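Raw contents of work.txt, compact mmCIF, C-alpha atoms:
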```txt
# COMPACT_ATOMS: atom_id res chain seq x y z
CA MET A 3 -22.82 -70.55 15.81
CA ALA A 4 -24.55 -73.65 17.15
CA LYS A 5 -26.15 -75.91 14.55
CA ALA A 6 -29.90 -76.34 14.84
CA PRO A 7 -30.90 -79.89 15.81
CA LYS A 8 -32.28 -82.13 13.07
CA SER A 9 -35.78 -82.18 14.58
CA LEU A 10 -35.85 -78.38 14.47
CA ASN A 11 -34.88 -78.37 10.80
CA ARG A 12 -37.65 -80.86 10.06
CA PHE A 13 -40.05 -78.63 11.99
CA TYR A 14 -39.03 -75.54 9.99
CA LEU A 15 -39.53 -77.49 6.78
CA LEU A 16 -43.03 -78.53 7.87
CA LEU A 17 -43.89 -75.00 9.01
CA GLY A 18 -42.66 -73.58 5.72
CA LEU A 19 -44.74 -76.11 3.79
CA GLY A 20 -47.82 -75.24 5.86
CA ALA A 21 -47.26 -71.52 5.35
CA GLY A 22 -46.80 -72.00 1.61
CA LEU A 23 -49.96 -74.09 1.31
CA GLY A 24 -51.96 -71.55 3.33
CA VAL A 25 -50.76 -68.61 1.21
CA VAL A 26 -51.56 -70.49 -2.02
CA ALA A 27 -55.05 -71.40 -0.72
CA LEU A 28 -55.83 -67.80 0.30
CA ALA A 29 -54.46 -66.45 -2.98
CA TYR A 30 -56.70 -68.88 -4.86
CA LEU A 31 -59.75 -67.79 -2.86
CA VAL A 32 -59.02 -64.11 -3.45
CA LEU A 33 -58.21 -64.42 -7.15
CA ARG A 34 -60.87 -66.90 -8.24
CA PRO A 35 -63.83 -65.41 -10.08
CA LYS A 36 -66.93 -64.55 -8.10
CA ALA A 37 -69.41 -67.39 -7.98
CA ILE A 38 -72.25 -65.21 -9.22
CA SER A 39 -71.72 -63.09 -12.25
CA ILE A 40 -74.37 -61.24 -14.21
CA PRO A 41 -72.92 -60.54 -17.65
CA ALA A 42 -73.17 -57.11 -19.26
CA ASN A 43 -73.74 -56.36 -22.94
CA VAL A 44 -75.50 -59.64 -23.58
CA THR A 45 -77.57 -60.05 -26.71
CA VAL A 46 -81.14 -59.18 -25.85
CA LEU A 47 -83.58 -61.83 -27.03
CA ALA A 48 -87.25 -61.21 -27.69
CA GLY A 49 -88.15 -63.39 -24.72
CA ASP A 50 -86.16 -61.14 -22.39
CA THR A 51 -88.63 -58.28 -22.73
CA THR A 52 -91.89 -59.95 -23.69
CA GLY A 53 -94.58 -58.53 -21.42
CA PHE A 54 -92.05 -56.61 -19.38
CA ARG A 55 -91.49 -52.87 -19.40
CA GLY A 56 -90.05 -52.23 -15.98
CA TYR A 57 -91.18 -52.77 -12.42
CA VAL A 58 -94.40 -50.89 -11.86
CA LEU A 59 -95.92 -49.54 -8.67
CA GLY A 60 -99.25 -47.74 -8.65
CA SER A 61 -102.64 -47.80 -10.26
CA ASP A 62 -103.09 -48.45 -13.99
CA SER A 63 -105.55 -45.56 -14.02
CA ALA A 64 -103.15 -43.03 -12.46
CA PRO A 65 -103.09 -39.94 -14.71
CA VAL A 66 -99.31 -39.54 -14.59
CA GLU A 67 -96.47 -42.01 -15.01
CA ILE A 68 -92.83 -41.49 -14.10
CA THR A 69 -90.10 -43.82 -15.27
CA GLU A 70 -86.98 -43.88 -13.14
CA TYR A 71 -83.69 -45.07 -14.65
CA ALA A 72 -81.49 -46.06 -11.75
CA ASP A 73 -78.56 -48.14 -10.60
CA PHE A 74 -78.80 -49.90 -7.24
CA GLU A 75 -75.12 -49.16 -6.54
CA CYS A 76 -75.31 -45.45 -7.30
CA PRO A 77 -75.17 -43.28 -4.14
CA ALA A 78 -77.43 -40.56 -5.59
CA CYS A 79 -80.05 -43.21 -6.43
CA ALA A 80 -79.84 -44.46 -2.84
CA GLU A 81 -80.23 -40.90 -1.57
CA PHE A 82 -83.34 -40.51 -3.72
CA ALA A 83 -84.70 -43.89 -2.62
CA LEU A 84 -84.13 -43.23 1.06
CA VAL A 85 -85.03 -39.55 1.32
CA GLN A 86 -87.52 -38.68 -1.46
CA TRP A 87 -89.07 -41.99 -2.49
CA PRO A 88 -91.03 -42.79 0.71
CA SER A 89 -92.88 -39.49 0.51
CA ILE A 90 -93.60 -39.92 -3.23
CA ARG A 91 -94.88 -43.45 -2.64
CA ASP A 92 -97.10 -42.50 0.30
CA ARG A 93 -98.50 -39.21 -1.01
CA LEU A 94 -98.72 -39.75 -4.76
CA ILE A 95 -98.52 -43.41 -5.71
CA GLU A 96 -100.67 -44.88 -2.97
CA THR A 97 -103.28 -42.16 -3.50
CA GLY A 98 -103.63 -43.10 -7.16
CA GLN A 99 -102.19 -39.89 -8.60
CA LEU A 100 -98.98 -41.38 -9.93
CA ARG A 101 -97.70 -44.64 -11.38
CA TRP A 102 -94.00 -45.40 -10.97
CA ARG A 103 -91.93 -47.47 -13.34
CA TYR A 104 -88.43 -48.54 -12.32
CA ARG A 105 -85.91 -49.44 -15.01
CA ASP A 106 -82.37 -50.64 -14.51
CA TRP A 107 -79.56 -48.54 -15.89
CA PRO A 108 -76.43 -50.07 -14.34
CA ILE A 109 -73.18 -48.12 -14.74
CA ASP A 110 -70.70 -50.97 -15.13
CA GLU A 111 -67.62 -48.73 -15.29
CA LEU A 112 -68.23 -47.47 -11.75
CA HIS A 113 -70.36 -50.13 -10.09
CA SER A 114 -69.17 -53.70 -10.34
CA ASN A 115 -72.11 -55.03 -8.32
CA ALA A 116 -74.90 -53.04 -9.95
CA ARG A 117 -76.02 -55.90 -12.19
CA ILE A 118 -75.87 -58.41 -9.35
CA ALA A 119 -78.18 -56.13 -7.35
CA ALA A 120 -80.50 -55.52 -10.31
CA HIS A 121 -80.66 -59.26 -10.91
CA ALA A 122 -81.34 -59.96 -7.24
CA ALA A 123 -84.28 -57.55 -7.42
CA ALA A 124 -85.54 -59.34 -10.55
CA CYS A 125 -85.30 -62.68 -8.72
CA ALA A 126 -87.17 -61.19 -5.75
CA ASN A 127 -89.82 -59.97 -8.22
CA ASP A 128 -90.38 -63.62 -9.20
CA GLN A 129 -91.50 -64.17 -5.62
CA GLY A 130 -93.59 -60.98 -5.48
CA LYS A 131 -91.11 -58.99 -3.39
CA TYR A 132 -89.51 -56.63 -5.88
CA TRP A 133 -90.16 -53.41 -3.96
CA GLU A 134 -89.12 -54.95 -0.65
CA MET A 135 -85.80 -55.94 -2.24
CA HIS A 136 -85.55 -52.49 -3.87
CA ASP A 137 -85.80 -50.89 -0.42
CA ALA A 138 -83.37 -53.40 1.14
CA LEU A 139 -80.76 -52.85 -1.59
CA PHE A 140 -80.82 -49.08 -1.35
CA GLY A 141 -81.12 -49.11 2.44
CA GLY A 142 -78.11 -51.41 2.79
CA GLN A 143 -76.09 -50.05 -0.14
CA ALA A 144 -73.12 -48.98 2.01
CA GLY A 145 -72.78 -52.57 3.22
CA TRP A 146 -72.40 -54.24 -0.19
CA THR A 147 -71.17 -51.62 -2.62
CA ARG A 148 -67.78 -52.42 -4.20
CA LYS A 149 -67.48 -55.64 -2.20
CA ARG A 150 -66.69 -59.01 -3.67
CA THR A 151 -69.09 -60.41 -1.09
CA ALA A 152 -72.00 -58.35 -2.46
CA ALA A 153 -73.86 -61.40 -3.79
CA SER A 154 -73.70 -63.10 -0.44
CA ILE A 155 -74.69 -59.95 1.48
CA ILE A 156 -77.64 -59.43 -0.86
CA ARG A 157 -78.56 -63.08 -0.39
CA GLY A 158 -78.87 -62.16 3.29
CA TYR A 159 -81.55 -59.63 2.29
CA ALA A 160 -83.35 -62.38 0.37
CA ARG A 161 -83.27 -64.46 3.55
CA SER A 162 -84.57 -61.54 5.65
CA LEU A 163 -87.41 -61.02 3.18
CA ALA A 164 -88.32 -64.68 3.63
CA LEU A 165 -87.78 -65.50 -0.04
CA ASN A 166 -87.52 -69.14 -1.01
CA LEU A 167 -83.71 -69.31 -1.06
CA GLU A 168 -83.55 -72.39 -3.24
CA GLU A 169 -85.50 -70.59 -5.97
CA TYR A 170 -83.58 -67.38 -5.39
CA ASP A 171 -80.20 -69.14 -5.68
CA ALA A 172 -81.25 -70.95 -8.85
CA CYS A 173 -82.43 -67.65 -10.32
CA MET A 174 -79.15 -65.87 -9.45
CA GLN A 175 -76.93 -68.71 -10.66
CA SER A 176 -78.72 -68.87 -14.00
CA ALA A 177 -78.39 -65.11 -14.64
CA MET A 178 -81.74 -65.52 -16.41
CA TYR A 179 -82.55 -61.81 -16.27
CA ALA A 180 -79.24 -60.55 -17.67
CA GLY A 181 -80.97 -59.88 -21.00
CA ARG A 182 -83.83 -58.00 -19.33
CA ILE A 183 -81.39 -55.74 -17.49
CA GLN A 184 -79.46 -55.13 -20.70
CA ALA A 185 -82.69 -54.31 -22.58
CA SER A 186 -83.61 -51.79 -19.92
CA HIS A 187 -80.17 -50.22 -20.14
CA ASP A 188 -80.30 -50.10 -23.95
CA GLU A 189 -83.72 -48.47 -23.89
CA GLY A 190 -82.55 -45.80 -21.45
CA SER A 191 -79.44 -45.08 -23.49
CA LYS A 192 -81.55 -44.74 -26.65
CA LEU A 193 -83.73 -42.18 -24.86
CA GLY A 194 -80.67 -40.18 -23.84
CA VAL A 195 -80.11 -41.33 -20.27
CA GLY A 196 -76.48 -40.65 -19.36
CA SER A 197 -76.46 -40.76 -15.57
CA THR A 198 -78.49 -42.04 -12.66
CA PRO A 199 -80.98 -41.37 -11.40
CA THR A 200 -82.77 -39.98 -14.45
CA PHE A 201 -86.53 -39.59 -14.61
CA LEU A 202 -88.68 -39.71 -17.71
CA ILE A 203 -91.73 -37.52 -17.15
CA ASP A 204 -94.16 -36.67 -19.91
CA GLY A 205 -91.56 -37.38 -22.59
CA ARG A 206 -88.84 -35.29 -20.97
CA LEU A 207 -85.74 -36.48 -19.12
CA TYR A 208 -84.87 -35.06 -15.69
CA PRO A 209 -81.38 -36.12 -14.61
CA GLY A 210 -80.40 -36.02 -10.93
CA VAL A 211 -82.20 -36.43 -7.63
CA LEU A 212 -85.70 -34.93 -7.84
CA PRO A 213 -87.06 -33.60 -4.55
CA SER A 214 -90.44 -35.07 -3.67
CA ASP A 215 -91.96 -31.56 -3.67
CA SER A 216 -90.86 -31.02 -7.28
CA VAL A 217 -92.35 -34.39 -8.23
CA ARG A 218 -95.61 -33.42 -6.56
CA LYS A 219 -95.72 -30.08 -8.43
CA LEU A 220 -95.02 -31.84 -11.73
CA VAL A 221 -97.71 -34.41 -11.04
CA ASP A 222 -100.22 -31.66 -10.12
CA ARG A 223 -99.40 -29.71 -13.30
CA LEU A 224 -99.62 -32.77 -15.56
CA THR A 225 -102.84 -33.93 -13.91
CA ALA A 226 -104.39 -30.49 -14.37
CA ALA A 227 -103.29 -30.40 -18.01
CA ALA A 228 -104.73 -33.85 -18.60
CA THR A 229 -108.10 -32.98 -17.07
CA THR A 230 -108.48 -29.47 -18.55
CA PRO A 231 -110.33 -29.65 -21.86
CA PRO A 232 -108.51 -27.96 -24.75
CA LYS A 233 -109.86 -24.49 -25.67
CA MET B 206 -39.16 -77.49 22.58
CA ARG B 207 -41.94 -79.66 21.25
CA TRP B 208 -44.61 -77.59 23.03
CA ARG B 209 -43.27 -74.46 21.36
CA MET B 210 -43.25 -76.26 18.01
CA GLY B 211 -46.87 -77.17 18.67
CA THR B 212 -47.88 -73.59 19.51
CA ALA B 213 -46.07 -72.35 16.40
CA MET B 214 -47.87 -74.84 14.12
CA LEU B 215 -51.28 -74.17 15.63
CA SER B 216 -50.71 -70.39 15.58
CA LEU B 217 -49.95 -70.62 11.87
CA ALA B 218 -53.19 -72.54 11.32
CA GLY B 219 -55.11 -69.95 13.39
CA LEU B 220 -53.47 -67.15 11.43
CA PHE B 221 -54.80 -68.59 8.16
CA VAL B 222 -58.30 -69.13 9.59
CA SER B 223 -58.42 -65.51 10.82
CA ALA B 224 -56.99 -64.22 7.55
CA TYR B 225 -59.64 -66.18 5.64
CA LEU B 226 -62.44 -64.62 7.72
CA TYR B 227 -60.90 -61.16 7.49
CA LEU B 228 -60.50 -61.36 3.71
CA TYR B 229 -64.18 -62.32 3.50
CA LYS B 230 -65.22 -59.42 5.70
CA ALA B 231 -63.06 -57.01 3.70
CA GLY B 232 -64.81 -58.15 0.55
CA TYR B 233 -61.97 -60.05 -1.14
CA ILE B 234 -63.56 -63.49 -0.98
CA GLY B 235 -66.94 -64.09 -2.57
CA ALA B 236 -68.49 -66.57 -0.15
CA LEU B 237 -67.41 -68.47 2.93
CA ALA B 238 -67.23 -72.26 2.81
CA CYS B 239 -69.56 -72.75 5.74
CA GLY B 240 -72.50 -74.94 4.89
CA THR B 241 -75.12 -73.63 7.30
CA GLY B 242 -74.76 -69.93 6.46
CA GLY B 243 -74.01 -69.18 10.10
CA CYS B 244 -70.56 -67.88 9.21
CA GLU B 245 -72.03 -65.10 7.06
CA THR B 246 -74.54 -64.20 9.77
CA VAL B 247 -71.77 -63.95 12.37
CA GLN B 248 -69.27 -62.16 10.14
CA LEU B 249 -71.81 -59.58 8.98
CA SER B 250 -73.27 -58.96 12.44
CA ALA B 251 -72.68 -55.83 14.51
CA GLN B 252 -70.77 -58.03 16.97
CA SER B 253 -68.09 -58.84 14.37
CA SER B 254 -66.32 -55.65 15.48
CA PHE B 255 -64.78 -55.07 18.88
CA LEU B 256 -63.87 -51.52 19.95
CA GLY B 257 -64.01 -50.51 16.30
CA LEU B 258 -61.68 -53.28 15.20
CA ASP B 259 -62.72 -56.24 13.12
CA VAL B 260 -62.66 -59.36 15.28
CA ALA B 261 -61.05 -61.38 12.47
CA LEU B 262 -58.30 -58.76 12.20
CA ILE B 263 -57.74 -59.00 15.96
CA GLY B 264 -57.35 -62.74 15.35
CA VAL B 265 -54.77 -62.14 12.62
CA ALA B 266 -52.78 -59.89 14.97
CA GLY B 267 -53.09 -62.28 17.92
CA TYR B 268 -52.06 -65.42 16.05
CA SER B 269 -49.19 -63.51 14.39
CA ALA B 270 -47.93 -62.52 17.83
CA LEU B 271 -48.25 -66.11 19.12
CA LEU B 272 -46.39 -67.42 16.06
CA ALA B 273 -43.63 -64.82 16.46
CA VAL B 274 -43.13 -65.61 20.17
CA SER B 275 -43.19 -69.36 19.49
CA LEU B 276 -40.55 -69.03 16.76
CA ALA B 277 -38.40 -66.77 18.94
CA GLY B 278 -38.67 -69.32 21.75
CA LEU B 279 -37.39 -72.02 19.41
CA GLN B 280 -34.09 -70.25 18.88
CA PRO B 281 -31.36 -72.34 20.62
CA ARG B 282 -30.31 -69.38 22.78
CA PHE B 283 -33.84 -69.09 24.20
CA ALA B 284 -34.46 -72.86 24.48
CA ASP B 285 -34.74 -72.77 28.27
CA ALA B 286 -35.62 -69.11 28.66
CA ARG B 287 -38.67 -68.47 30.75
CA TRP B 288 -40.02 -65.36 29.00
CA PRO B 289 -41.30 -67.04 25.80
CA ALA B 290 -43.31 -69.50 27.90
CA VAL B 291 -44.73 -66.71 30.08
CA VAL B 292 -45.64 -64.52 27.10
CA LEU B 293 -47.24 -67.48 25.29
CA ALA B 294 -49.31 -68.37 28.35
CA LEU B 295 -50.42 -64.75 28.88
CA LEU B 296 -51.29 -64.17 25.23
CA SER B 297 -53.15 -67.44 24.77
CA GLY B 298 -54.88 -67.08 28.15
CA GLY B 299 -56.19 -63.65 27.13
CA ALA B 300 -57.21 -65.06 23.76
CA VAL B 301 -59.14 -67.90 25.42
CA ALA B 302 -61.03 -65.38 27.57
CA PHE B 303 -61.82 -63.28 24.49
CA THR B 304 -62.93 -66.41 22.62
CA LEU B 305 -65.31 -67.33 25.44
CA TYR B 306 -66.84 -63.86 25.17
CA LEU B 307 -67.23 -64.32 21.38
CA LYS B 308 -68.84 -67.74 21.87
CA TYR B 309 -71.30 -66.15 24.27
CA LEU B 310 -72.18 -63.55 21.59
CA GLU B 311 -72.65 -66.26 18.95
CA LEU B 312 -74.89 -68.38 21.16
CA PHE B 313 -76.96 -65.80 22.98
CA VAL B 314 -76.86 -62.58 20.95
CA ILE B 315 -76.36 -63.45 17.28
CA HIS B 316 -77.96 -66.90 17.57
CA ALA B 317 -75.69 -68.35 14.89
CA ILE B 318 -72.58 -70.48 14.94
CA CYS B 319 -69.66 -69.85 12.63
CA ARG B 320 -67.79 -73.11 12.03
CA TRP B 321 -64.51 -71.31 11.31
CA CYS B 322 -64.84 -69.47 14.62
CA VAL B 323 -65.27 -72.85 16.32
CA VAL B 324 -62.09 -74.07 14.60
CA SER B 325 -60.28 -70.98 15.88
CA ALA B 326 -61.68 -71.53 19.39
CA VAL B 327 -60.37 -75.11 19.44
CA LEU B 328 -56.95 -73.97 18.15
CA ILE B 329 -56.56 -71.27 20.78
CA ALA B 330 -57.68 -73.63 23.55
CA VAL B 331 -55.04 -76.19 22.53
CA ILE B 332 -52.40 -73.46 22.21
CA PHE B 333 -53.23 -72.36 25.75
CA VAL B 334 -52.88 -75.94 27.08
CA LEU B 335 -49.51 -76.33 25.29
CA SER B 336 -48.36 -72.97 26.66
CA VAL B 337 -49.19 -74.05 30.22
CA LEU B 338 -47.31 -77.34 29.67
CA GLU B 339 -44.35 -75.37 28.33
CA LEU B 340 -44.44 -73.03 31.33
CA ARG B 341 -44.36 -76.06 33.63
CA ARG B 342 -41.44 -77.55 31.72
CA VAL B 343 -39.41 -74.34 31.97
CA ARG B 344 -40.12 -74.06 35.71
CA GLN B 345 -39.03 -77.64 36.26
CA ALA B 346 -35.85 -77.02 34.23
CA GLU B 347 -35.04 -74.06 36.51
```
Any chance you could put this one into structure tokens?
Amino acid sequence: MAKAPKSLNRFYLLLGLGAGLGVVALAYLVLRPKAISIPANVTVLAGDTTGFRGYVLGSDSAPVEITEYADFECPACAEFALVQWPSIRDRLIETGQLRWRYRDWPIDELHSNARIAAHAAACANDQGKYWEMHDALFGGQAGWTRKRTAASIIRGYARSLALNLEEYDACMQSAMYAGRIQASHDEGSKLGVGSTPTFLIDGRLYPGVLPSDSVRKLVDRLTAAATTPPK
Amino acid sequence: MRWRMGTAMLSLAGLFVSAYLYLYKAGYIGALACGTGGCETVQLSAQSSFLGLDVALIGVAGYSALLAVSLAGLQPRFADARWPAVVLALLSGGAVAFTLYLKYLELFVIHAICRWCVVSAVLIAVIFVLSVLELRRVRQAE
């Protein structure tokens, strides 16, 4: 067998070195921790919940209030948000019959990006665009769920919503609302929430996707009960 | 031989650039080192797929093929063989045409420039030039 010339051996050595360096660099990029991390099970401080009891949409004088416990990465929550929610918002909330309260209940065991999404919504809320981010997160859920790039994809939503990205980035990096998300989760768990979405209506929990028609019937019944004088 | 060494080296570099972009798209890398944010816009656009295949993955396959042909062409028994030069020129020529199409999409459809895609475009253009030089060398040797 002919011996390879010296220059070829040197070339193979260089190529091997380049390949090794490239593999190490890619392995580092894949294995390094995600830049943005919203910790779970943090100690909730009083300041985390002062003046905050969820994200509210609707009139203060609406006769009925529904609290939704949801996880932005849960497919059933997205189904509810995309199919039922628009009708509930247009027909009941915007007409003053219903007030909606959204509370985070991230399921960490199944959804590694749920807290990142919940935190992104909280940061959008700082700039007055909570519900716009809520709609963007559920509408684009298939694009960011289970992905390590979720934070950067969601940042794209922040850009589309014309949020101040400098403020948004600072908010995300600081994980300043981790305690608020945890408090919301703890409150739901204490009430008996065990899955998402779950709705708290007139002191009773309704787990699973609620059709908008059922919500309307419940609201009608509760409104009638509230306005009928006791016999 | 030196042209084939050049195409092999540059193909390896292109392979890592494509793999980096593909790993990002597949969700294994948190954020791209890009600076302007154009990389994310391009990689997450509808145009980042071609005929159902991820463009970055097409890059991985293409650069792997170029690297394989370059390395095969470096074997002493193929030192003056014409086929590695022809295959390299055809592959890199096709890749240059595809890259021009992608640049058009970046500039006029997506309206964003991905720096890593520019790096890949420069690499493939140089590989094509080296392949043509290698083809000329082989012809002259014949």
How close does chain B get to chain A? List, as a Markdown table, each residue of chain B within 9 Å, its nearest atom pair and the distance in Å to one decimal, counting all atoms listed in the file.
```
| residue | atom | partner | partner_atom | distance |
| --- | --- | --- | --- | --- |
| B:Met206 | CA | A:Leu10 | CA | 8.8 |
| B:Met210 | CA | A:Phe13 | CA | 7.2 |
| B:Ala213 | CA | A:Leu17 | CA | 8.1 |
| B:Met214 | CA | A:Leu17 | CA | 6.5 |
| B:Leu217 | CA | A:Ala21 | CA | 7.1 |
| B:Ala218 | CA | A:Gly20 | CA | 8.1 |
| B:Phe221 | CA | A:Gly24 | CA | 6.3 |
| B:Ala224 | CA | A:Leu28 | CA | 8.2 |
| B:Tyr225 | CA | A:Leu28 | CA | 6.8 |
| B:Leu228 | CA | A:Val32 | CA | 7.8 |
| B:Tyr229 | CA | A:Thr151 | CA | 7.0 |
| B:Lys230 | CA | A:Thr151 | CA | 7.9 |
| B:Ala231 | CA | A:Lys149 | CA | 7.5 |
| B:Gly232 | CA | A:Lys149 | CA | 4.6 |
| B:Tyr233 | CA | A:Arg150 | CA | 5.5 |
| B:Ile234 | CA | A:Val32 | CA | 5.2 |
| B:Gly235 | CA | A:Thr151 | CA | 4.5 |
| B:Ala236 | CA | A:Thr151 | CA | 6.3 |
| B:Leu237 | CA | A:Ser154 | CA | 8.9 |
| B:Glu245 | CA | A:Ser154 | CA | 7.9 |
| B:Thr246 | CA | A:Gly158 | CA | 8.1 |
| B:Leu249 | CA | A:Ile155 | CA | 8.0 |
| B:Leu279 | CA | A:Leu10 | CA | 8.2 |
| B:Gln280 | CA | A:Ala6 | CA | 8.4 |
| B:Pro281 | CA | A:Ala6 | CA | 7.2 |
```
For the residues selected in the previous step, produce a file with C-alpha atoms as a tab-separated table (two decimals), in the frame of the given file.
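Listing of result-v4.tsv after writing:
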```
chain	number	residue	atom	x	y	z
B	206	MET	CA	-39.16	-77.49	22.58
B	210	MET	CA	-43.25	-76.26	18.01
B	213	ALA	CA	-46.07	-72.35	16.40
B	214	MET	CA	-47.87	-74.84	14.12
B	217	LEU	CA	-49.95	-70.62	11.87
B	218	ALA	CA	-53.19	-72.54	11.32
B	221	PHE	CA	-54.80	-68.59	8.16
B	224	ALA	CA	-56.99	-64.22	7.55
B	225	TYR	CA	-59.64	-66.18	5.64
B	228	LEU	CA	-60.50	-61.36	3.71
B	229	TYR	CA	-64.18	-62.32	3.50
B	230	LYS	CA	-65.22	-59.42	5.70
B	231	ALA	CA	-63.06	-57.01	3.70
B	232	GLY	CA	-64.81	-58.15	0.55
B	233	TYR	CA	-61.97	-60.05	-1.14
B	234	ILE	CA	-63.56	-63.49	-0.98
B	235	GLY	CA	-66.94	-64.09	-2.57
B	236	ALA	CA	-68.49	-66.57	-0.15
B	237	LEU	CA	-67.41	-68.47	2.93
B	245	GLU	CA	-72.03	-65.10	7.06
B	246	THR	CA	-74.54	-64.20	9.77
B	249	LEU	CA	-71.81	-59.58	8.98
B	279	LEU	CA	-37.39	-72.02	19.41
B	280	GLN	CA	-34.09	-70.25	18.88
B	281	PRO	CA	-31.36	-72.34	20.62
```
Do you have the atom CA of Gly56 of chain A-atom CA of Val217 of chain A distance handy?
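Calculated distance between atom CA of Gly56 of chain A and atom CA of Val217 of chain A is 19.6 Å.
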Top pick for closest residue to Pro289 of chain B, considering B:Thr304, B:Gln248, B:Thr212, B:Ser253 and counting all atoms listed in the file:
B:Thr212
Give me the residues near segment 139-143 of chain A as a compact mmCIF listing (two decimals) with C-alpha atoms, keeping the file's coordinate frame, where near means some atom within 10 Å (using all atoms listed in the file) and where sequence neighbours in that chain fewer than 4 positions away do not count.
```txt
# COMPACT_ATOMS: atom_id res chain seq x y z
CA ASP A 73 -78.56 -48.14 -10.60
CA PHE A 74 -78.80 -49.90 -7.24
CA GLU A 75 -75.12 -49.16 -6.54
CA CYS A 76 -75.31 -45.45 -7.30
CA PRO A 77 -75.17 -43.28 -4.14
CA CYS A 79 -80.05 -43.21 -6.43
CA ALA A 80 -79.84 -44.46 -2.84
CA GLU A 81 -80.23 -40.90 -1.57
CA PHE A 82 -83.34 -40.51 -3.72
CA ALA A 83 -84.70 -43.89 -2.62
CA LEU A 84 -84.13 -43.23 1.06
CA ALA A 119 -78.18 -56.13 -7.35
CA ALA A 120 -80.50 -55.52 -10.31
CA ALA A 122 -81.34 -59.96 -7.24
CA ALA A 123 -84.28 -57.55 -7.42
CA TRP A 133 -90.16 -53.41 -3.96
CA GLU A 134 -89.12 -54.95 -0.65
CA MET A 135 -85.80 -55.94 -2.24
CA THR A 147 -71.17 -51.62 -2.62
CA ARG A 148 -67.78 -52.42 -4.20
CA ALA A 152 -72.00 -58.35 -2.46
CA ILE A 155 -74.69 -59.95 1.48
CA ILE A 156 -77.64 -59.43 -0.86
CA TYR A 159 -81.55 -59.63 2.29
```
How far is it from atom CA of Leu202 of chain A to atom CA of Val221 of chain A, in Å with one decimal?
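Separation of atom CA of Leu202 of chain A and atom CA of Val221 of chain A: 12.4 Å.
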Using only C-alpha atoms, which residues of segment 283-305 of chain B come within 9 Å of segment 334-345 of chain B, and what is the closest atom pair for each, with the distance in Å to one decimal? Give it as CSV, sorted by chain and residue number.
```
residue,atom,partner,partner_atom,distance
B:Asp285,CA,B:Val343,CA,6.2
B:Ala286,CA,B:Val343,CA,7.3
B:Arg287,CA,B:Val343,CA,6.0
B:Pro289,CA,B:Leu340,CA,8.7
B:Ala290,CA,B:Leu340,CA,5.1
B:Val291,CA,B:Leu340,CA,6.4
B:Val292,CA,B:Ser336,CA,8.9
B:Leu293,CA,B:Ser336,CA,5.8
B:Ala294,CA,B:Ser336,CA,5.0
B:Leu295,CA,B:Ser336,CA,8.8
B:Ser297,CA,B:Ser336,CA,7.6
B:Gly298,CA,B:Ser336,CA,8.9
```
Near Val323 of chain B, within 10 Å and counting all atoms listed in the file, which residues show up once chain neighbours fewer than 5 positions away are dropped, as a ChimeraX atom specification?
/B:304,308,318,328-329
Go ahead and fit an axis-aligned box to every listed atom of segment 15-24 of chain A plus 8 Å each side, and pass me the centre and edge lengths in Å, one decimal, as JSON.
```
{"center_x": -45.7, "center_y": -75.0, "center_z": 5.2, "size_x": 28.4, "size_y": 23.0, "size_z": 23.7}
```
Contact residues around Ser89 of chain A with only C-alpha atoms at 12 Å, ignoring same-chain residues under 5 positions, as a ChimeraX atom specification
/A:82-84,94-97,212-218
Between atom CA of Val26 of chain A and atom CA of Gly278 of chain B, what is the distance in Å, rounded to a tenth?
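Between these atoms lies a distance of 27.1 Å.
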Pick from A:Gly181, A:Ser162, A:Glu111, A:Arg101: nearest to Thr52 of chain A, with only C-alpha atoms counted?
A:Gly181
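Among the candidates B:Gly219, B:Ile315, B:Ala300, B:Val260, the one nearest to Val247 of chain B when counting all atoms listed in the file is B:Ile315.
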